[in-house]
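K.L.:
Okay, so here is upload-v2.cif, and as you'll see once you scroll down, it has mmCIF, C-alpha atoms.
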```
data_query
#
loop_
_atom_site.label_atom_id
_atom_site.label_comp_id
_atom_site.auth_asym_id
_atom_site.auth_seq_id
_atom_site.Cartn_x
_atom_site.Cartn_y
_atom_site.Cartn_z
CA MET A 16 0.00 0.00 0.00
CA LYS A 17 2.82 2.35 0.92
CA LYS A 18 4.48 1.60 -2.38
CA VAL A 19 1.31 2.52 -4.24
CA LYS A 20 1.10 5.81 -2.36
CA ASN A 21 4.72 6.59 -3.13
CA GLU A 22 4.05 5.83 -6.74
CA LEU A 23 1.14 8.25 -6.68
CA SER A 24 3.43 10.95 -5.27
CA ASN A 25 5.88 10.28 -8.03
CA ASN A 26 3.13 10.44 -10.64
CA LEU A 27 1.97 13.75 -9.20
CA ARG A 28 5.54 14.99 -9.56
CA TYR A 29 5.69 13.95 -13.19
CA ILE A 30 2.32 15.53 -13.94
CA CYS A 31 3.69 18.78 -12.48
CA LEU A 32 6.81 18.33 -14.58
CA ILE A 33 4.77 18.03 -17.77
CA VAL A 34 2.81 21.14 -16.83
CA VAL A 35 6.06 23.05 -16.15
CA ILE A 36 7.58 22.01 -19.48
CA ALA A 37 4.38 22.99 -21.29
CA PHE A 38 4.38 26.37 -19.56
CA GLY A 39 8.04 26.80 -20.39
CA LEU A 40 7.47 26.25 -24.09
CA ILE A 41 4.30 28.33 -24.13
CA GLY A 42 6.23 31.04 -22.30
CA ILE A 43 8.71 31.20 -25.14
CA VAL A 44 6.19 31.52 -27.95
CA GLY A 45 3.96 33.79 -25.92
CA SER A 46 6.98 36.09 -25.74
CA GLY A 47 7.85 34.86 -22.27
CA GLY A 48 11.35 33.86 -23.17
CA GLY A 49 11.91 35.23 -26.58
CA GLY A 50 13.97 38.19 -25.53
CA GLY A 51 14.32 41.52 -27.18
CA GLY A 52 13.34 42.65 -30.57
CA HIS A 53 9.98 40.98 -30.93
CA SER A 54 7.70 42.72 -33.25
CA GLU A 55 4.63 41.72 -35.12
CA TYR A 56 5.43 44.02 -37.98
CA PHE A 57 7.49 43.86 -41.09
CA THR A 58 8.07 47.58 -40.97
CA THR A 59 8.86 49.41 -37.77
CA VAL A 60 8.58 53.14 -37.37
CA SER A 61 10.55 55.57 -35.29
CA LEU A 62 10.23 59.26 -34.54
CA THR A 63 12.81 62.01 -34.36
CA ALA A 64 11.94 65.54 -33.42
CA GLU A 65 14.16 68.06 -35.11
CA TYR A 66 13.87 70.57 -32.40
CA ALA A 67 16.65 72.49 -30.80
CA GLU A 68 16.01 72.53 -27.08
CA GLY A 69 15.96 75.99 -25.67
CA LEU A 70 13.84 79.05 -25.48
CA TYR A 71 10.99 79.11 -27.87
CA ASP A 72 9.87 82.50 -29.02
CA ALA A 73 6.13 82.73 -29.05
CA ASP A 74 6.50 85.25 -31.83
CA ALA A 75 3.95 87.69 -30.64
CA THR A 76 3.37 90.79 -32.64
CA VAL A 77 1.31 93.82 -31.87
CA LYS A 78 -2.09 93.36 -33.32
CA VAL A 79 -3.32 96.90 -32.93
CA ASP A 80 -0.89 99.71 -32.47
CA THR A 81 -2.07 103.24 -32.88
CA SER A 82 1.31 104.61 -31.80
CA ASP A 83 -0.61 107.04 -29.80
CA PRO A 84 0.15 107.01 -26.07
CA ALA A 85 -3.33 108.16 -25.37
CA ASP A 86 -4.79 105.21 -27.19
CA ASP A 87 -2.21 102.57 -26.52
CA LYS A 88 -3.32 99.17 -27.69
CA CYS A 89 0.06 97.58 -27.24
CA ASP A 90 -1.31 95.02 -24.86
CA ILE A 91 -3.30 93.37 -27.59
CA TYR A 92 -1.35 90.71 -29.45
CA THR A 93 -1.73 87.70 -31.61
CA PHE A 94 0.39 84.68 -30.88
CA PHE A 95 1.04 83.01 -34.16
CA ALA A 96 0.88 79.26 -34.40
CA ASP A 97 4.19 77.54 -34.44
CA GLU A 98 5.24 74.07 -35.43
CA VAL A 99 8.12 71.69 -34.85
CA PRO A 100 9.29 69.31 -37.58
CA VAL A 101 9.13 65.66 -36.57
CA THR A 102 10.69 63.05 -38.81
CA ILE A 103 8.99 59.69 -39.07
CA THR A 104 11.24 56.95 -40.33
CA SER A 105 10.00 53.55 -41.43
CA THR A 106 12.49 50.73 -41.32
CA SER A 107 11.83 47.30 -42.74
CA LYS A 108 12.79 44.43 -40.51
CA GLU A 109 15.96 42.47 -41.06
CA ASN A 110 15.95 38.78 -41.93
CA LEU A 111 12.48 38.82 -43.42
CA PRO A 112 11.28 35.36 -44.37
CA GLU A 113 11.40 34.40 -48.01
CA GLY A 114 8.53 35.69 -50.09
CA THR A 115 7.60 38.51 -47.72
CA THR A 116 7.95 42.16 -48.50
CA PRO A 117 7.78 44.99 -46.02
CA ASN A 118 4.63 47.06 -46.12
CA PRO A 119 4.18 50.80 -46.05
CA VAL A 120 2.91 52.34 -42.85
CA LYS A 121 0.03 54.72 -42.50
CA ILE A 122 -0.23 57.53 -39.99
CA MET A 123 -3.77 58.55 -39.18
CA SER A 124 -3.43 61.06 -36.36
CA TYR A 125 -1.19 62.25 -33.60
CA THR A 126 -1.64 63.71 -30.17
CA VAL A 127 0.40 66.40 -28.48
CA GLN A 128 0.49 66.27 -24.72
CA TYR A 129 1.93 69.03 -22.56
CA ILE A 130 3.34 68.26 -19.13
CA ALA A 131 3.64 71.58 -17.35
CA ARG A 132 6.71 72.17 -15.22
CA GLU A 133 6.92 74.43 -12.21
CA ASP A 134 3.99 76.83 -12.13
CA SER A 135 3.40 76.90 -15.86
CA PRO A 136 -0.27 76.91 -16.75
CA GLU A 137 -1.83 73.63 -17.84
CA VAL A 138 -2.25 73.09 -21.55
CA PRO A 139 -4.75 70.42 -22.59
CA THR A 140 -3.73 67.49 -24.79
CA LYS A 141 -4.56 68.07 -28.42
CA GLN A 142 -5.31 65.63 -31.16
CA PHE A 143 -4.59 66.34 -34.80
CA ASN A 144 -5.72 64.31 -37.77
CA HIS A 145 -2.95 63.90 -40.25
CA GLU A 146 -3.12 61.14 -42.81
CA LEU A 147 0.17 60.07 -44.31
CA THR A 148 1.58 56.93 -45.88
CA ILE A 149 5.28 56.17 -45.75
CA SER A 150 6.86 53.52 -47.92
CA PRO A 151 9.33 51.10 -46.27
CA ASP A 152 12.81 52.43 -45.56
CA ASN A 153 11.75 55.98 -46.12
CA SER A 154 11.08 58.95 -43.98
CA ALA A 155 8.64 61.81 -43.94
CA VAL A 156 8.50 65.05 -42.04
CA ILE A 157 5.35 66.23 -40.40
CA TRP A 158 4.98 69.57 -38.72
CA ILE A 159 3.65 69.18 -35.23
CA ARG A 160 1.82 72.23 -34.01
CA VAL A 161 3.05 73.04 -30.53
CA ILE A 162 1.63 76.52 -30.17
CA ASP A 163 -1.78 77.56 -31.34
CA GLN A 164 -2.69 80.92 -32.69
CA GLU A 165 -4.09 82.91 -29.84
CA ASP A 166 -5.13 86.46 -29.12
CA LYS A 167 -3.56 87.92 -26.05
CA ILE A 168 -5.22 90.78 -24.31
CA ASP A 169 -3.48 92.80 -21.65
CA ARG A 170 -1.59 90.90 -19.06
CA LEU A 171 -4.31 88.38 -18.49
CA SER A 172 -2.68 85.99 -20.87
CA PRO A 173 -0.60 83.37 -19.07
CA LEU A 174 2.11 83.98 -21.59
CA TYR A 175 2.84 87.58 -20.86
CA TYR A 176 6.58 87.84 -20.77
CA LEU A 177 7.67 91.38 -19.96
CA ASP A 178 5.75 94.17 -18.41
CA TYR A 179 6.35 97.79 -19.14
CA PHE A 180 9.22 97.99 -16.67
CA TYR A 181 10.87 94.64 -17.43
CA SER A 182 10.09 93.69 -13.89
CA SER A 183 8.36 90.43 -14.58
CA ALA A 184 9.59 87.76 -16.87
CA ALA A 185 7.31 84.79 -17.16
CA GLN A 186 8.76 81.87 -18.97
CA TYR A 187 6.70 78.73 -19.16
CA GLU A 188 8.13 75.31 -19.44
CA TYR A 189 6.63 72.12 -20.78
CA THR A 190 7.65 68.64 -21.71
CA VAL A 191 5.89 68.05 -24.98
CA ILE A 192 5.06 64.43 -25.81
CA VAL A 193 4.06 63.68 -29.37
CA LYS A 194 2.30 60.33 -29.66
CA LEU A 195 1.59 58.85 -32.98
CA ARG A 196 -0.14 55.67 -34.07
CA ALA A 197 1.12 54.02 -37.19
CA GLU A 198 -0.61 51.11 -38.90
CA GLU A 199 1.09 48.82 -41.29
CA VAL A 200 -0.87 48.80 -44.53
CA PHE A 201 -2.36 45.39 -45.44
CA SER A 202 -1.55 43.69 -42.14
CA GLY A 203 -3.22 46.45 -40.12
CA GLU A 204 -0.83 45.88 -37.23
CA GLY A 205 -0.56 48.99 -35.12
CA GLN A 206 2.38 50.53 -33.38
CA THR A 207 2.28 53.42 -30.96
CA ILE A 208 5.40 55.51 -30.80
CA GLU A 209 6.25 58.74 -29.12
CA VAL A 210 8.87 61.42 -28.96
CA GLN A 211 9.30 64.08 -26.33
CA PHE A 212 11.16 67.31 -26.05
CA SER A 213 11.28 70.39 -23.85
CA LEU A 214 9.49 73.54 -24.77
CA TYR A 215 10.26 76.89 -23.20
CA TYR A 216 7.62 79.32 -24.14
CA TYR A 217 7.79 83.05 -23.82
CA ASP A 218 6.80 86.30 -25.41
CA ILE A 219 9.20 88.77 -26.90
CA ALA A 220 9.51 92.28 -25.56
CA ASP A 221 6.96 94.77 -26.67
CA GLU A 222 7.91 97.39 -29.12
CA CYS A 223 5.15 99.85 -28.56
CA TYR A 224 5.34 103.50 -28.28
CA GLY A 225 7.06 104.66 -25.14
CA MET A 226 8.38 101.26 -24.26
CA PRO A 227 11.91 100.01 -24.29
CA SER A 228 12.73 98.03 -27.39
CA MET B 15 -25.33 14.92 3.90
CA LEU B 16 -22.25 13.44 5.51
CA SER B 17 -21.00 14.25 8.95
CA LYS B 18 -17.59 13.60 10.43
CA THR B 19 -19.07 11.23 12.94
CA GLY B 20 -21.24 9.47 10.43
CA PHE B 21 -20.72 5.95 9.20
CA GLN B 22 -19.94 6.96 5.63
CA TYR B 23 -17.19 9.40 6.66
CA GLU B 24 -15.33 6.83 8.75
CA THR B 25 -15.57 4.07 6.22
CA LEU B 26 -15.40 5.91 2.90
CA ILE B 27 -14.08 9.47 3.21
CA ALA B 28 -11.56 9.35 6.05
CA PRO B 29 -9.28 6.72 4.50
CA LYS B 30 -9.24 8.66 1.24
CA THR B 31 -8.36 11.90 3.04
CA ARG B 32 -5.58 10.19 4.97
CA HIS B 33 -4.39 8.64 1.76
CA MET B 34 -4.29 12.03 -0.04
CA LYS B 35 -2.53 13.63 2.92
CA TYR B 36 0.12 10.94 2.81
CA VAL B 37 0.59 11.37 -0.95
CA LEU B 38 0.93 15.15 -0.61
CA LYS B 39 3.30 14.79 2.36
CA THR B 40 5.50 12.45 0.38
CA PHE B 41 5.26 14.79 -2.61
CA TYR B 42 6.44 17.75 -0.54
CA GLY B 43 9.20 15.59 0.87
CA ILE B 44 10.66 14.77 -2.50
CA ILE B 45 10.42 18.14 -4.22
CA ASN B 46 12.70 21.08 -3.50
CA THR B 47 10.24 23.83 -2.57
CA ARG B 48 13.05 26.37 -2.18
CA GLN B 49 14.15 25.99 -5.79
CA ILE B 50 10.58 26.06 -7.06
CA PHE B 51 9.80 29.17 -5.04
CA ILE B 52 12.91 31.01 -6.30
CA GLY B 53 12.04 30.00 -9.87
CA ILE B 54 8.44 31.23 -9.64
CA ALA B 55 9.44 34.48 -7.90
CA ILE B 56 12.03 35.34 -10.56
CA LEU B 57 9.59 34.39 -13.31
CA LEU B 58 7.01 36.82 -11.92
CA LEU B 59 9.67 39.52 -11.79
CA GLY B 60 10.51 38.86 -15.43
CA SER B 61 6.90 39.24 -16.48
CA LEU B 62 7.10 42.86 -15.31
CA VAL B 63 9.26 43.60 -18.35
CA TYR B 64 6.32 42.78 -20.61
CA LEU B 65 3.77 44.52 -18.43
CA VAL B 66 5.67 47.74 -17.81
CA ASP B 67 8.40 48.25 -20.37
CA ARG B 68 6.92 46.98 -23.60
CA PRO B 69 3.93 48.20 -25.58
CA PRO B 70 1.07 45.72 -25.12
CA ASP B 71 0.73 45.07 -28.82
CA GLN B 72 4.24 43.62 -28.94
CA THR B 73 3.60 40.79 -26.52
CA TYR B 74 1.12 38.04 -27.27
CA PHE B 75 0.01 37.21 -23.74
CA VAL B 76 -0.51 40.88 -22.86
CA HIS B 77 -2.19 41.72 -26.15
CA SER B 78 -4.55 38.73 -26.01
CA SER B 79 -5.46 39.17 -22.36
CA PRO B 80 -9.23 39.76 -21.96
CA VAL B 81 -8.53 42.54 -19.45
CA ASN B 82 -5.93 45.24 -19.84
CA ILE B 83 -2.98 44.11 -17.74
CA SER B 84 -0.43 46.36 -19.38
CA LEU B 85 1.22 49.04 -17.26
CA TYR B 86 3.10 50.46 -20.22
CA ASN B 87 3.05 54.26 -20.02
CA VAL B 88 1.21 53.97 -16.71
CA ILE B 89 4.35 53.65 -14.63
CA PRO B 90 7.85 54.62 -15.78
CA ASN B 91 10.14 52.21 -17.59
CA LEU B 92 11.72 49.88 -15.00
CA PHE B 93 14.46 47.96 -16.72
CA GLY B 94 15.82 50.24 -19.43
CA LEU B 95 18.13 48.63 -21.99
CA ILE B 96 18.59 45.50 -19.90
CA GLY B 97 14.88 44.81 -20.40
CA ASN B 98 15.59 43.75 -23.98
CA SER B 99 17.22 40.48 -23.01
CA LEU B 100 16.26 40.14 -19.35
CA PRO B 101 13.18 37.97 -20.11
CA THR B 102 15.36 35.49 -21.99
CA PHE B 103 17.70 35.22 -19.03
CA ILE B 104 14.85 34.95 -16.55
CA HIS B 105 12.92 32.39 -18.57
CA ILE B 106 15.71 29.83 -18.72
CA PHE B 107 16.88 30.53 -15.18
CA SER B 108 13.40 30.10 -13.71
CA PHE B 109 12.40 27.02 -15.64
CA ILE B 110 15.65 25.26 -14.84
CA LEU B 111 15.03 25.90 -11.14
CA ILE B 112 11.38 24.84 -11.24
CA THR B 113 12.12 21.69 -13.24
CA ALA B 114 15.04 20.72 -11.04
CA GLY B 115 12.99 21.47 -7.94
CA LEU B 116 10.49 18.86 -9.09
CA ILE B 117 12.69 16.01 -10.24
CA CYS B 118 16.36 16.51 -9.56
CA TYR B 119 18.36 15.18 -6.64
CA GLN B 120 21.92 15.08 -7.91
CA LYS B 121 24.52 17.12 -9.72
CA ARG B 122 24.22 15.01 -12.83
CA GLY B 123 20.44 15.41 -13.02
CA CYS B 124 20.77 19.17 -12.58
CA LEU B 125 23.29 19.29 -15.39
CA ILE B 126 20.97 17.35 -17.69
CA ILE B 127 18.10 19.73 -16.91
CA CYS B 128 20.33 22.76 -17.53
CA ILE B 129 21.54 21.42 -20.87
CA SER B 130 18.02 20.42 -21.93
CA TRP B 131 16.53 23.85 -21.29
CA PHE B 132 19.60 25.46 -22.86
CA LEU B 133 19.07 23.47 -26.05
CA VAL B 134 15.36 24.22 -26.10
CA ASP B 135 15.84 27.98 -25.69
CA CYS B 136 18.69 28.05 -28.23
CA ALA B 137 16.56 26.09 -30.70
CA PHE B 138 13.78 28.66 -30.43
CA GLU B 139 16.25 31.53 -30.81
CA PHE B 140 17.86 29.99 -33.88
CA GLY B 141 14.39 29.25 -35.18
CA GLN B 142 13.94 33.00 -35.52
CA LYS B 143 17.07 33.21 -37.65
CA TYR B 144 16.24 30.25 -39.86
CA ASN B 145 12.51 30.82 -39.75
CA SER B 146 11.67 29.27 -43.10
CA LEU B 147 12.77 25.93 -41.67
CA ALA B 148 10.97 26.49 -38.37
CA LEU B 149 7.74 27.47 -40.10
CA LYS B 150 7.65 24.18 -41.98
CA ILE B 151 7.58 22.22 -38.71
CA ILE B 152 4.63 24.06 -37.15
CA PRO B 153 1.49 21.95 -37.50
CA ASP B 154 -1.65 23.56 -38.94
CA TRP B 155 -3.76 22.66 -35.91
CA PHE B 156 -1.85 25.20 -33.82
CA ALA B 157 -3.95 27.91 -35.48
CA GLY B 158 -6.78 29.04 -33.25
CA ILE B 159 -5.38 27.45 -30.08
CA PRO B 160 -4.45 30.11 -27.52
CA PHE B 161 -0.70 30.64 -27.21
CA LEU B 162 0.11 27.92 -29.75
CA GLU B 163 -1.40 30.12 -32.46
CA ASN B 164 1.38 32.60 -31.81
CA THR B 165 4.12 30.08 -32.67
CA GLU B 166 4.06 31.11 -36.32
CA ASN B 167 4.27 34.79 -35.44
CA TYR B 168 7.10 34.06 -33.03
CA PHE B 169 9.27 32.60 -35.76
CA LEU B 170 8.00 34.86 -38.54
CA TYR B 171 8.35 38.21 -36.85
CA GLY B 172 10.76 37.53 -34.00
CA THR B 173 14.31 38.74 -34.36
CA PHE B 174 17.36 36.60 -33.77
CA ASP B 175 19.62 38.34 -31.32
CA ILE B 176 23.11 37.29 -30.30
CA ILE B 177 22.63 39.05 -26.96
CA ASP B 178 19.69 36.75 -26.30
CA LEU B 179 22.00 33.78 -26.83
CA ALA B 180 24.43 35.27 -24.32
CA ALA B 181 21.53 35.74 -21.88
CA ILE B 182 20.50 32.09 -22.35
CA THR B 183 24.06 30.93 -21.63
CA MET B 184 24.37 33.17 -18.61
CA GLY B 185 20.97 32.08 -17.27
CA THR B 186 21.93 28.42 -17.62
CA VAL B 187 25.27 28.78 -15.85
CA ILE B 188 23.89 30.85 -12.99
CA ALA B 189 20.92 28.51 -12.57
CA TYR B 190 23.28 25.54 -12.35
CA PHE B 191 25.24 27.13 -9.52
CA VAL B 192 22.03 28.13 -7.74
CA LEU B 193 20.85 24.52 -8.01
CA LEU B 194 24.08 23.24 -6.49
CA SER B 195 23.85 25.65 -3.59
CA THR B 196 20.16 24.95 -2.89
CA ASN B 197 20.08 21.17 -3.37
CA LYS B 198 18.77 19.18 -0.44
CA SER B 199 21.52 16.91 0.80
CA GLU B 200 19.12 14.83 2.86
CA ARG B 201 16.53 14.56 0.13
CA LYS B 202 14.39 11.49 0.32
CA ILE B 203 14.28 9.39 -2.80
CA VAL B 204 11.08 7.55 -3.45
CA PRO B 205 11.77 3.98 -4.50
#
```
Have the structure of the file written as structure tokens, please.

P.N.:
Amino acid sequence: MKKVKNELSNNLRYICLIVVIAFGLIGIVGSGGGGGGHSEYFTTVSLTAEYAEGLYDADATVKVDTSDPADDKCDIYTFFADEVPVTITSTSKENLPEGTTPNPVKIMSYTVQYIAREDSPEVPTKQFNHELTISPDNSAVIWIRVIDQEDKIDRLSPLYYLDYFYSSAAQYEYTVIVKLRAEEVFSGEGQTIEVQFSLYYYDIADECYGMPS
Amino acid sequence: MLSKTGFQYETLIAPKTRHMKYVLKTFYGIINTRQIFIGIAILLLGSLVYLVDRPPDQTYFVHSSPVNISLYNVIPNLFGLIGNSLPTFIHIFSFILITAGLICYQKRGCLIICISWFLVDCAFEFGQKYNSLALKIIPDWFAGIPFLENTENYFLYGTFDIIDLAAITMGTVIAYFVLLSTNKSERKIVP
């Protein structure tokens, strides 16, 4: 009887062993043990933002300037929209199996997220629709809008840089994250990629009548 | 309804319970729970690479999970560059420990287990390099079966990486030394 029980224990051990081996093999194909570089795509995409880190001039210009001190409208501006070039590169995978060709990738839209630093005012995440197809091993440049056109009135705008006496200098800082979803044409496999860079945002000095230039 | 004092419990259930208890006791006596525990713990740690550091659509088990288990972009990247080959290292290390914890008593057995898992992992890695050969071996009935259905994708789209091979070798060697240092010297062998 004891022998039978011991045999049962052994059998239980071997059943566990089979389960472990099965899990081990499944773990490999389920990406458990496959290591780096897995991808379900023939063509991978990467992003590069061609943006020199540093102060970004909001490029404000006086919208209404009567040049008359009595009717000074110098505090009314328009911030012009500004864009940063982002290069999207598609790279076909190495060691493609015989008979397969890399596919082009399609960009449908991108989002621009602003993470405010210090006491910079919050800027909501924006989504832009931008359809673009890139052939394998090619690159394309898209212009990502980081600053919208905006009217600034008086010093209520959060982006007011200098006051009349140069006594306040507000510079706002953000980490801008551009997220982009690319889909491989034909296979429809999607990849989400992102690039981030710093944005320092400020207004240039006013050049109105009676003010220092 | 049966009660512990009832006739049926004493004559039918109690012997079976005692019998099962004995089987489980013997089972625990012959396995190395320490090795199995280390293996499982490291394996769970390795799964964090897929959950945190990699986009969910790049990993089959995360992508096919009915609920969103991915923490990618939820918490910051944990492993950095090492995360590329860490799962390969962890996979072989853990499964050597778990397998040996179940069946191995001696140095020789541990060595056989290490070599076996090493060959298996290397075969899968080389299968990504020579994928046309690997794809011919995959049976058609794998399609539609969870996990097995990904075998084709694994060989078709996976990338052979020499660093993965180094990770497999390192995982095997380290696992072997861990096995030697955690082997039960007084382990009971079931006849």

K.L.:
For chain A, work out the contacting residues on chain B at 6 Å, counting only C-alpha atoms, and write them as a VMD selection string.

P.N.:
chain B and resid 37 41 72 to 75 98 to 99 101 to 102 105 161 165 168 171 to 173 178

K.L.:
Please write as number ranges by chain the full residue list that the PyMOL selection byres ((chain B and resi 120-124) around 9) yields on this file.

P.N.:
B: 110-111, 114, 117-119, 125-129, 190, 193-194, 197, 199

K.L.:
One decimal, in Å: what's the spacing between atom CA of B:Pro69 and atom CA of A:Ile149?

P.N.:
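Answer for the atom CA of B:Pro69 to atom CA of A:Ile149 separation: 21.7 Å.
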
K.L.:
Measuring atom to atom with all atoms listed in the file, identify which of B:Arg48, B:Leu38, B:Gly53, B:Phe191 is nearest to B:Phe107.

P.N.:
B:Gly53

K.L.:
Could you tell me how far atom CA of B:Phe51 lies from atom CA of B:Phe109, in Å and to one decimal?

P.N.:
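Calculated distance between atom CA of B:Phe51 and atom CA of B:Phe109 is 11.1 Å.
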
K.L.:
Any idea what the distance is between atom CA of A:Ser124 and atom CA of A:Trp158?

P.N.:
12.2 Å

K.L.:
Using only C-alpha atoms, which residue out of A:Val120, A:Val99, A:Ile130, A:Ile192 lies closest to A:Pro151?

P.N.:
A:Val120

K.L.:
As a check of understanding, name the residues that the PyMOL selection byres ((chain B and resi 137-141) around 8) selects in the supplied structure, as an MDAnalysis selection string.

P.N.:
(chainID A and resid 43 49) or (chainID B and resid 133:136 142:145 147:148 169 174:175 178:179)

K.L.:
Given only C-alpha atoms as the basis, pick out the residue of A:Asp163, A:Asp97, A:Glu209, A:Glu146 nearest to A:Lys121.

P.N.:
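Ranked by minimum distance to A:Lys121, first place goes to A:Glu146.
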
K.L.:
On this file, the PyMOL selection byres ((chain A and resi 131-136) around 6) gives some set of residues; write that set as number ranges by chain.

P.N.:
A: 130, 137, 187-189
